[in-house]
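Colleague: Input file: start-v9.tsv. Contents: TSV, C-alpha atoms.
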chain	number	residue	atom	x	y	z
A	1	MET	CA	-20.27	-21.20	-1.55
A	2	SER	CA	-20.41	-24.61	-3.14
A	3	PHE	CA	-20.26	-24.59	-6.95
A	4	ASP	CA	-23.51	-25.67	-8.58
A	5	PRO	CA	-23.41	-26.60	-12.31
A	6	ALA	CA	-26.98	-25.28	-12.54
A	7	THR	CA	-25.59	-21.75	-12.20
A	8	LEU	CA	-23.97	-22.03	-15.64
A	9	VAL	CA	-25.72	-20.73	-18.73
A	10	TYR	CA	-26.66	-23.48	-21.18
A	11	ASP	CA	-27.90	-23.12	-24.75
A	12	ALA	CA	-31.31	-24.19	-26.05
A	13	ASN	CA	-30.08	-27.79	-26.08
A	14	GLY	CA	-28.91	-27.62	-22.49
A	15	LEU	CA	-25.24	-27.52	-23.52
A	16	ILE	CA	-22.24	-25.33	-22.76
A	17	PRO	CA	-18.98	-25.33	-24.76
A	18	CYS	CA	-15.86	-26.49	-22.95
A	19	ILE	CA	-12.36	-25.71	-24.22
A	20	ALA	CA	-9.65	-28.20	-23.19
A	21	GLN	CA	-6.19	-26.73	-22.71
A	22	GLU	CA	-3.07	-28.71	-21.83
A	23	GLU	CA	-2.01	-27.38	-18.47
A	24	ALA	CA	1.72	-27.88	-18.92
A	25	THR	CA	2.10	-26.26	-22.35
A	26	GLY	CA	-0.94	-24.03	-22.81
A	27	GLU	CA	-1.81	-25.82	-26.04
A	28	VAL	CA	-5.51	-25.66	-26.90
A	29	LEU	CA	-6.47	-29.25	-27.60
A	30	MET	CA	-10.16	-29.28	-28.50
A	31	MET	CA	-13.58	-27.86	-27.86
A	32	ALA	CA	-16.59	-30.00	-27.07
A	33	TRP	CA	-19.89	-29.72	-25.25
A	34	MET	CA	-21.12	-30.47	-21.75
A	35	ASN	CA	-24.49	-30.54	-20.09
A	36	ALA	CA	-24.96	-29.92	-16.38
A	37	GLU	CA	-24.51	-33.59	-15.54
A	38	SER	CA	-21.27	-33.71	-17.62
A	39	VAL	CA	-19.94	-30.79	-15.61
A	40	ALA	CA	-20.85	-32.52	-12.35
A	41	ARG	CA	-19.28	-35.83	-13.44
A	42	THR	CA	-16.12	-34.08	-14.63
A	43	LEU	CA	-15.69	-32.42	-11.26
A	44	GLU	CA	-16.55	-35.58	-9.31
A	45	THR	CA	-14.37	-37.99	-11.25
A	46	GLY	CA	-11.52	-35.76	-12.43
A	47	ARG	CA	-11.99	-37.23	-15.89
A	48	VAL	CA	-13.24	-34.75	-18.45
A	49	THR	CA	-16.70	-35.93	-19.50
A	50	TYR	CA	-18.43	-34.33	-22.45
A	51	TRP	CA	-21.89	-34.80	-23.92
A	52	SER	CA	-21.72	-36.32	-27.38
A	53	ARG	CA	-24.23	-34.52	-29.57
A	54	SER	CA	-23.96	-37.14	-32.32
A	55	ARG	CA	-24.41	-40.13	-29.99
A	56	GLN	CA	-26.60	-38.30	-27.45
A	57	SER	CA	-24.66	-39.85	-24.60
A	58	PHE	CA	-21.99	-39.05	-22.05
A	59	TRP	CA	-18.49	-39.21	-23.45
A	60	VAL	CA	-15.71	-39.82	-20.97
A	61	LYS	CA	-12.84	-38.52	-23.07
A	62	GLY	CA	-10.43	-41.37	-23.76
A	63	GLU	CA	-12.60	-44.06	-22.20
A	64	SER	CA	-12.41	-46.19	-25.35
A	65	SER	CA	-9.13	-44.88	-26.82
A	66	GLY	CA	-7.16	-44.57	-23.59
A	67	HIS	CA	-6.45	-40.94	-24.43
A	68	LEU	CA	-7.84	-39.64	-21.17
A	69	GLN	CA	-8.11	-36.03	-20.11
A	70	GLU	CA	-7.33	-35.64	-16.44
A	71	LEU	CA	-8.88	-32.49	-15.06
A	72	VAL	CA	-6.49	-30.08	-13.40
A	73	GLU	CA	-8.89	-27.16	-13.03
A	74	LEU	CA	-12.22	-26.05	-14.41
A	75	ARG	CA	-12.64	-22.35	-15.14
A	76	VAL	CA	-15.76	-20.36	-15.98
A	77	ASP	CA	-16.03	-17.27	-18.16
A	78	CYS	CA	-17.56	-13.90	-17.32
A	79	ASP	CA	-20.95	-14.76	-18.83
A	80	SER	CA	-20.97	-18.27	-17.33
A	81	ASP	CA	-21.64	-19.60	-20.82
A	82	CYS	CA	-18.25	-21.11	-21.65
A	83	LEU	CA	-15.88	-23.38	-19.73
A	84	LEU	CA	-12.12	-23.79	-19.87
A	85	ALA	CA	-10.76	-27.11	-18.63
A	86	LEU	CA	-7.08	-27.22	-17.83
A	87	VAL	CA	-6.11	-30.85	-18.38
A	88	ARG	CA	-3.36	-33.39	-18.56
A	89	GLN	CA	-3.96	-35.09	-21.89
A	90	THR	CA	-2.69	-38.61	-22.49
A	91	GLY	CA	-1.63	-38.96	-26.13
A	92	PRO	CA	-3.59	-37.30	-28.90
A	93	ALA	CA	-6.74	-35.30	-28.09
A	94	CYS	CA	-7.98	-35.52	-31.68
A	95	HIS	CA	-9.69	-38.54	-33.22
A	96	THR	CA	-7.30	-38.10	-36.18
A	97	ASN	CA	-4.49	-39.05	-33.78
A	98	ARG	CA	-3.14	-35.53	-33.66
A	99	ARG	CA	-2.24	-33.89	-30.40
A	100	SER	CA	-4.75	-31.07	-31.00
A	101	CYS	CA	-7.93	-30.87	-33.06
A	102	PHE	CA	-6.76	-27.47	-34.36
A	103	TYR	CA	-4.32	-28.83	-36.90
A	104	THR	CA	-5.00	-26.67	-39.93
A	105	ALA	CA	-4.29	-22.96	-40.29
A	106	VAL	CA	-5.14	-20.29	-42.82
A	107	ARG	CA	-1.82	-19.07	-44.15
A	108	ASN	CA	-1.47	-16.78	-47.15
A	109	GLY	CA	-5.14	-17.30	-47.87
A	110	GLU	CA	-4.92	-21.08	-47.96
A	111	GLU	CA	-5.84	-23.72	-45.40
A	112	VAL	CA	-2.76	-25.80	-44.68
A	113	GLU	CA	-2.01	-28.69	-42.32
A	114	ILE	CA	0.36	-27.69	-39.56
A	115	MET	CA	0.44	-30.81	-37.40
A	116	ALA	CA	1.05	-34.46	-38.23
A	117	PRO	CA	-0.60	-37.40	-36.52
A	118	MET	CA	1.30	-38.78	-33.54
A	119	ALA	CA	3.27	-41.98	-33.90
A	120	GLU	CA	1.44	-44.98	-32.48
A	121	GLY	CA	2.70	-45.87	-29.01
B	1	MET	CA	-6.51	-23.95	-52.63
B	2	SER	CA	-7.86	-20.63	-51.45
B	3	PHE	CA	-9.61	-20.77	-48.06
B	4	ASP	CA	-13.36	-20.21	-48.28
B	5	PRO	CA	-15.24	-19.43	-45.03
B	6	ALA	CA	-18.24	-21.24	-46.55
B	7	THR	CA	-16.38	-24.54	-46.03
B	8	LEU	CA	-16.72	-24.16	-42.24
B	9	VAL	CA	-19.58	-25.80	-40.37
B	10	TYR	CA	-21.98	-23.30	-38.81
B	11	ASP	CA	-24.75	-23.96	-36.32
B	12	ALA	CA	-28.48	-23.43	-36.91
B	13	ASN	CA	-27.94	-19.69	-36.41
B	14	GLY	CA	-25.13	-19.56	-38.95
B	15	LEU	CA	-22.48	-19.19	-36.24
B	16	ILE	CA	-19.22	-20.90	-35.33
B	17	PRO	CA	-17.43	-20.54	-31.98
B	18	CYS	CA	-14.00	-18.89	-32.06
B	19	ILE	CA	-11.52	-19.21	-29.19
B	20	ALA	CA	-9.04	-16.34	-28.84
B	21	GLN	CA	-5.63	-17.30	-27.48
B	22	GLU	CA	-2.79	-14.87	-26.78
B	23	GLU	CA	-0.03	-15.92	-29.14
B	24	ALA	CA	2.88	-14.91	-26.91
B	25	THR	CA	1.73	-16.58	-23.69
B	26	GLY	CA	-0.80	-19.24	-24.71
B	27	GLU	CA	-3.39	-17.71	-22.40
B	28	VAL	CA	-6.97	-18.42	-23.46
B	29	LEU	CA	-8.63	-15.02	-23.47
B	30	MET	CA	-12.25	-15.55	-24.52
B	31	MET	CA	-14.67	-17.41	-26.71
B	32	ALA	CA	-17.17	-15.66	-28.96
B	33	TRP	CA	-19.06	-16.34	-32.17
B	34	MET	CA	-18.48	-15.63	-35.84
B	35	ASN	CA	-20.57	-15.95	-38.96
B	36	ALA	CA	-19.03	-16.52	-42.39
B	37	GLU	CA	-18.74	-12.79	-43.03
B	38	SER	CA	-17.02	-12.29	-39.65
B	39	VAL	CA	-14.48	-14.91	-40.61
B	40	ALA	CA	-13.87	-13.22	-43.96
B	41	ARG	CA	-13.54	-9.77	-42.37
B	42	THR	CA	-11.17	-11.11	-39.69
B	43	LEU	CA	-8.89	-12.56	-42.36
B	44	GLU	CA	-9.10	-9.49	-44.59
B	45	THR	CA	-8.52	-6.86	-41.90
B	46	GLY	CA	-6.35	-8.72	-39.39
B	47	ARG	CA	-8.68	-7.46	-36.67
B	48	VAL	CA	-10.67	-10.19	-34.98
B	49	THR	CA	-14.32	-9.53	-35.82
B	50	TYR	CA	-17.05	-11.46	-34.05
B	51	TRP	CA	-20.80	-11.53	-34.50
B	52	SER	CA	-22.59	-10.13	-31.48
B	53	ARG	CA	-25.59	-12.33	-30.75
B	54	SER	CA	-27.08	-9.79	-28.33
B	55	ARG	CA	-26.71	-6.83	-30.68
B	56	GLN	CA	-27.08	-8.86	-33.90
B	57	SER	CA	-24.23	-6.95	-35.49
B	58	PHE	CA	-20.56	-7.27	-36.34
B	59	TRP	CA	-18.27	-6.68	-33.41
B	60	VAL	CA	-14.73	-5.61	-34.19
B	61	LYS	CA	-13.14	-6.56	-30.90
B	62	GLY	CA	-11.81	-3.44	-29.20
B	63	GLU	CA	-13.26	-1.01	-31.74
B	64	SER	CA	-14.94	1.01	-29.01
B	65	SER	CA	-12.68	0.11	-26.05
B	66	GLY	CA	-9.35	0.20	-27.87
B	67	HIS	CA	-8.65	-3.34	-26.65
B	68	LEU	CA	-8.06	-4.69	-30.13
B	69	GLN	CA	-7.27	-8.27	-31.04
B	70	GLU	CA	-4.73	-8.40	-33.83
B	71	LEU	CA	-4.95	-11.70	-35.68
B	72	VAL	CA	-1.75	-13.68	-35.84
B	73	GLU	CA	-3.21	-16.90	-37.24
B	74	LEU	CA	-6.61	-18.51	-37.66
B	75	ARG	CA	-6.80	-22.26	-37.08
B	76	VAL	CA	-9.63	-24.69	-37.83
B	77	ASP	CA	-10.51	-27.86	-35.96
B	78	CYS	CA	-10.94	-31.39	-37.31
B	79	ASP	CA	-14.71	-31.06	-37.71
B	80	SER	CA	-14.47	-27.54	-39.16
B	81	ASP	CA	-16.95	-26.42	-36.51
B	82	CYS	CA	-14.67	-24.49	-34.16
B	83	LEU	CA	-11.99	-21.84	-34.74
B	84	LEU	CA	-8.89	-20.92	-32.77
B	85	ALA	CA	-7.58	-17.40	-33.30
B	86	LEU	CA	-4.03	-16.75	-32.18
B	87	VAL	CA	-3.98	-13.05	-31.37
B	88	ARG	CA	-2.07	-10.16	-29.94
B	89	GLN	CA	-4.46	-8.68	-27.41
B	90	THR	CA	-4.14	-5.05	-26.40
B	91	GLY	CA	-5.09	-4.68	-22.73
B	92	PRO	CA	-7.92	-6.71	-21.22
B	93	ALA	CA	-9.94	-9.07	-23.40
B	94	CYS	CA	-12.82	-9.18	-20.90
B	95	HIS	CA	-15.45	-6.48	-20.53
B	96	THR	CA	-14.82	-6.70	-16.76
B	97	ASN	CA	-11.35	-5.29	-17.50
B	98	ARG	CA	-9.64	-8.58	-16.80
B	99	ARG	CA	-7.03	-9.96	-19.13
B	100	SER	CA	-9.10	-13.12	-19.75
B	101	CYS	CA	-12.81	-13.84	-19.52
B	102	PHE	CA	-11.98	-17.09	-17.69
B	103	TYR	CA	-11.33	-15.49	-14.34
B	104	THR	CA	-13.10	-17.83	-11.96
B	105	ALA	CA	-12.17	-21.42	-11.15
B	106	VAL	CA	-13.77	-24.26	-9.27
B	107	ARG	CA	-11.40	-25.08	-6.43
B	108	ASN	CA	-12.27	-27.39	-3.56
B	109	GLY	CA	-15.85	-27.39	-4.78
B	110	GLU	CA	-16.23	-23.62	-4.73
B	111	GLU	CA	-16.11	-21.06	-7.52
B	112	VAL	CA	-13.41	-18.55	-6.68
B	113	GLU	CA	-12.02	-15.51	-8.46
B	114	ILE	CA	-8.47	-16.07	-9.66
B	115	MET	CA	-7.76	-12.88	-11.61
B	116	ALA	CA	-8.15	-9.20	-10.71
B	117	PRO	CA	-9.15	-6.45	-13.13
B	118	MET	CA	-6.22	-4.74	-14.82
B	119	ALA	CA	-5.14	-1.30	-13.66
B	120	GLU	CA	-6.42	1.49	-15.88
B	121	GLY	CA	-3.77	2.65	-18.32
Can the structure from this file be put into structure tokens for me?

Modeller:
Amino acid sequence: MSFDPATLVYDANGLIPCIAQEEATGEVLMMAWMNAESVARTLETGRVTYWSRSRQSFWVKGESSGHLQELVELRVDCDSDCLLALVRQTGPACHTNRRSCFYTAVRNGEEVEIMAPMAEG
Amino acid sequence: MSFDPATLVYDANGLIPCIAQEEATGEVLMMAWMNAESVARTLETGRVTYWSRSRQSFWVKGESSGHLQELVELRVDCDSDCLLALVRQTGPACHTNRRSCFYTAVRNGEEVEIMAPMAEG
């Protein structure tokens, strides 16, 4: 049966969270939001396409920065209300130029930085 | 500086999404929600504690099923509006008895099951 993005469960704003994970390493890179059309575009183009809540527009990841996310596989969770995109990430996923957006950790009760920005190419 | 859960960015319902990832394998297990008190309890007890939106109550993962999530490390993203919990998951993370909640994938335009339930222990 053909997959229909309308079968997913969206929140009151019509959005569903999507986790991006680097396929080769398993590293969790980021989490952002999609609407049904983002999901459809991601599957059609193979380029992960979020919905920017701040700009209220489609956001082809890396379109301006060159740090594209190539879709390897899109997975759906048991409640159909969260997506997991396995991707091949070019360069940093984070706007701070770090590989992953999850670059601080709570260690010994303090929030510490655990990842440096990537060197410019 | 001591980490304060109040520094995180919560949505209109006072919640923040938390991704659980198996520390040993990198497998993404599930995504669920926390409020500030969930975050504090998770850090204090070392047992990942979500906020159940359907039951409107704290949800110590595995408390009833025995499928506990032991916290290894809590990470915060660049916008402080998403958490990544590295965990040691006992048994299945999914209520369907699968290891991960992300057990279907869109392949060749169809949603297919890619993971079977775990055998009962």

Colleague: Please provide as a short mmCIF file (atom, residue, chain, number, x, y, z; two decimals) with C-alpha atoms, in the frame of the given file all residues within 12 Å of A:Gly91, with the sequence filter that same-chain residues fewer than 5 positions apart are discarded (counting only C-alpha atoms).

Modeller:
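result18.cif was written with the following content:
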data_model
loop_
_atom_site.label_atom_id
_atom_site.label_comp_id
_atom_site.auth_asym_id
_atom_site.auth_seq_id
_atom_site.Cartn_x
_atom_site.Cartn_y
_atom_site.Cartn_z
CA GLU A 22 -3.07 -28.71 -21.83
CA LEU A 29 -6.47 -29.25 -27.60
CA LYS A 61 -12.84 -38.52 -23.07
CA GLY A 62 -10.43 -41.37 -23.76
CA SER A 65 -9.13 -44.88 -26.82
CA GLY A 66 -7.16 -44.57 -23.59
CA HIS A 67 -6.45 -40.94 -24.43
CA LEU A 68 -7.84 -39.64 -21.17
CA GLN A 69 -8.11 -36.03 -20.11
CA GLU A 70 -7.33 -35.64 -16.44
CA THR A 96 -7.30 -38.10 -36.18
CA ASN A 97 -4.49 -39.05 -33.78
CA ARG A 98 -3.14 -35.53 -33.66
CA ARG A 99 -2.24 -33.89 -30.40
CA SER A 100 -4.75 -31.07 -31.00
CA PRO A 117 -0.60 -37.40 -36.52
CA MET A 118 1.30 -38.78 -33.54
CA ALA A 119 3.27 -41.98 -33.90
CA GLU A 120 1.44 -44.98 -32.48
CA GLY A 121 2.70 -45.87 -29.01
#

Colleague: At a cut-off of 10 Å, list the chain A residues touching chain B, using all atoms listed in the file, as an MDAnalysis selection string.

Modeller: chainID A and resid 1:4 17:19 21 25:32 43:44 72:85 94:96 98 100:114

Colleague: For the selection you just gave me, I'd like the residues written to a file as a tab-separated table (two decimals), keeping the file's coordinate frame, keeping C-alpha atoms.

Modeller:
chain	number	residue	atom	x	y	z
A	1	MET	CA	-20.27	-21.20	-1.55
A	2	SER	CA	-20.41	-24.61	-3.14
A	3	PHE	CA	-20.26	-24.59	-6.95
A	4	ASP	CA	-23.51	-25.67	-8.58
A	17	PRO	CA	-18.98	-25.33	-24.76
A	18	CYS	CA	-15.86	-26.49	-22.95
A	19	ILE	CA	-12.36	-25.71	-24.22
A	21	GLN	CA	-6.19	-26.73	-22.71
A	25	THR	CA	2.10	-26.26	-22.35
A	26	GLY	CA	-0.94	-24.03	-22.81
A	27	GLU	CA	-1.81	-25.82	-26.04
A	28	VAL	CA	-5.51	-25.66	-26.90
A	29	LEU	CA	-6.47	-29.25	-27.60
A	30	MET	CA	-10.16	-29.28	-28.50
A	31	MET	CA	-13.58	-27.86	-27.86
A	32	ALA	CA	-16.59	-30.00	-27.07
A	43	LEU	CA	-15.69	-32.42	-11.26
A	44	GLU	CA	-16.55	-35.58	-9.31
A	72	VAL	CA	-6.49	-30.08	-13.40
A	73	GLU	CA	-8.89	-27.16	-13.03
A	74	LEU	CA	-12.22	-26.05	-14.41
A	75	ARG	CA	-12.64	-22.35	-15.14
A	76	VAL	CA	-15.76	-20.36	-15.98
A	77	ASP	CA	-16.03	-17.27	-18.16
A	78	CYS	CA	-17.56	-13.90	-17.32
A	79	ASP	CA	-20.95	-14.76	-18.83
A	80	SER	CA	-20.97	-18.27	-17.33
A	81	ASP	CA	-21.64	-19.60	-20.82
A	82	CYS	CA	-18.25	-21.11	-21.65
A	83	LEU	CA	-15.88	-23.38	-19.73
A	84	LEU	CA	-12.12	-23.79	-19.87
A	85	ALA	CA	-10.76	-27.11	-18.63
A	94	CYS	CA	-7.98	-35.52	-31.68
A	95	HIS	CA	-9.69	-38.54	-33.22
A	96	THR	CA	-7.30	-38.10	-36.18
A	98	ARG	CA	-3.14	-35.53	-33.66
A	100	SER	CA	-4.75	-31.07	-31.00
A	101	CYS	CA	-7.93	-30.87	-33.06
A	102	PHE	CA	-6.76	-27.47	-34.36
A	103	TYR	CA	-4.32	-28.83	-36.90
A	104	THR	CA	-5.00	-26.67	-39.93
A	105	ALA	CA	-4.29	-22.96	-40.29
A	106	VAL	CA	-5.14	-20.29	-42.82
A	107	ARG	CA	-1.82	-19.07	-44.15
A	108	ASN	CA	-1.47	-16.78	-47.15
A	109	GLY	CA	-5.14	-17.30	-47.87
A	110	GLU	CA	-4.92	-21.08	-47.96
A	111	GLU	CA	-5.84	-23.72	-45.40
A	112	VAL	CA	-2.76	-25.80	-44.68
A	113	GLU	CA	-2.01	-28.69	-42.32
A	114	ILE	CA	0.36	-27.69	-39.56

Colleague: What gap, in Å, lies between atom CA of B:Ala36 and atom CA of B:Leu15?

Modeller: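 According to the coordinates, atom CA of B:Ala36 and atom CA of B:Leu15 are separated by 7.5 Å.
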
Colleague: For atom CA of B:Arg47 and atom CA of B:Val60, determine how far apart the two atoms are, in Å to one decimal place.

Modeller: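 Answer for the atom CA of B:Arg47 to atom CA of B:Val60 separation: 6.8 Å.
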
Colleague: I'd like the box whose edges run along x, y and z of the file and which contains every listed atom of stretch 80-98 of chain B, padded by 8 Å per side; could you state its centre and edge lengths in Å, one decimal, as lines of an AutoDock Vina configuration file?

Modeller:
center_x = -9.5
center_y = -16.1
center_z = -28.0
size_x = 30.9
size_y = 38.9
size_z = 38.4

Colleague: Which residues come within 9 Å of A:Trp59, counting only C-alpha atoms, excluding same-chain residues fewer than 2 positions away, as a list in words?

Modeller: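 In the requested form, the answer reads Ser38, Val48, Thr49, Tyr50, Trp51, Ser52, Arg55, Ser57, Lys61, Gly62 and Glu63 of chain A.
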
Colleague: Could you tell me how far atom CA of A:Ser54 sits from atom CA of B:Trp33, in Å to one decimal place?

Modeller: 21.4 Å

Colleague: With distances taken over only C-alpha atoms, which of B:Glu23, B:Thr42, B:Met34, B:Arg53 is nearest to B:Gln89?

Modeller: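 Distance minimum relative to B:Gln89 lands on B:Glu23.
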
Colleague: Could N, CA and C atoms be built for stretch 29-44 of chain A and written out as a CSV table (one decimal), keeping the file's coordinate frame?

Modeller:
chain,number,residue,atom,x,y,z
A,29,LEU,N,-6.4,-27.9,-27.0
A,29,LEU,CA,-6.5,-29.2,-27.6
A,29,LEU,C,-7.7,-29.5,-28.4
A,30,MET,N,-8.9,-29.0,-27.9
A,30,MET,CA,-10.2,-29.3,-28.5
A,30,MET,C,-11.2,-28.4,-27.9
A,31,MET,N,-12.4,-28.4,-28.5
A,31,MET,CA,-13.6,-27.9,-27.9
A,31,MET,C,-14.7,-28.9,-28.0
A,32,ALA,N,-15.4,-29.1,-27.0
A,32,ALA,CA,-16.6,-30.0,-27.1
A,32,ALA,C,-17.6,-29.5,-26.1
A,33,TRP,N,-18.7,-30.2,-26.0
A,33,TRP,CA,-19.9,-29.7,-25.2
A,33,TRP,C,-20.2,-30.5,-24.0
A,34,MET,N,-20.7,-29.8,-23.0
A,34,MET,CA,-21.1,-30.5,-21.8
A,34,MET,C,-22.5,-30.1,-21.4
A,35,ASN,N,-23.3,-31.0,-20.8
A,35,ASN,CA,-24.5,-30.5,-20.1
A,35,ASN,C,-24.2,-30.5,-18.6
A,36,ALA,N,-25.2,-30.1,-17.8
A,36,ALA,CA,-25.0,-29.9,-16.4
A,36,ALA,C,-24.4,-31.2,-15.7
A,37,GLU,N,-25.0,-32.3,-16.1
A,37,GLU,CA,-24.5,-33.6,-15.5
A,37,GLU,C,-23.1,-33.9,-16.0
A,38,SER,N,-22.7,-33.5,-17.2
A,38,SER,CA,-21.3,-33.7,-17.6
A,38,SER,C,-20.3,-32.9,-16.7
A,39,VAL,N,-20.8,-31.7,-16.4
A,39,VAL,CA,-19.9,-30.8,-15.6
A,39,VAL,C,-19.8,-31.4,-14.2
A,40,ALA,N,-20.9,-31.9,-13.7
A,40,ALA,CA,-20.8,-32.5,-12.4
A,40,ALA,C,-20.0,-33.8,-12.3
A,41,ARG,N,-20.1,-34.6,-13.4
A,41,ARG,CA,-19.3,-35.8,-13.4
A,41,ARG,C,-17.8,-35.5,-13.6
A,42,THR,N,-17.5,-34.5,-14.4
A,42,THR,CA,-16.1,-34.1,-14.6
A,42,THR,C,-15.5,-33.7,-13.3
A,43,LEU,N,-16.2,-32.9,-12.5
A,43,LEU,CA,-15.7,-32.4,-11.3
A,43,LEU,C,-15.6,-33.6,-10.2
A,44,GLU,N,-16.6,-34.5,-10.3
A,44,GLU,CA,-16.6,-35.6,-9.3
A,44,GLU,C,-15.5,-36.6,-9.6
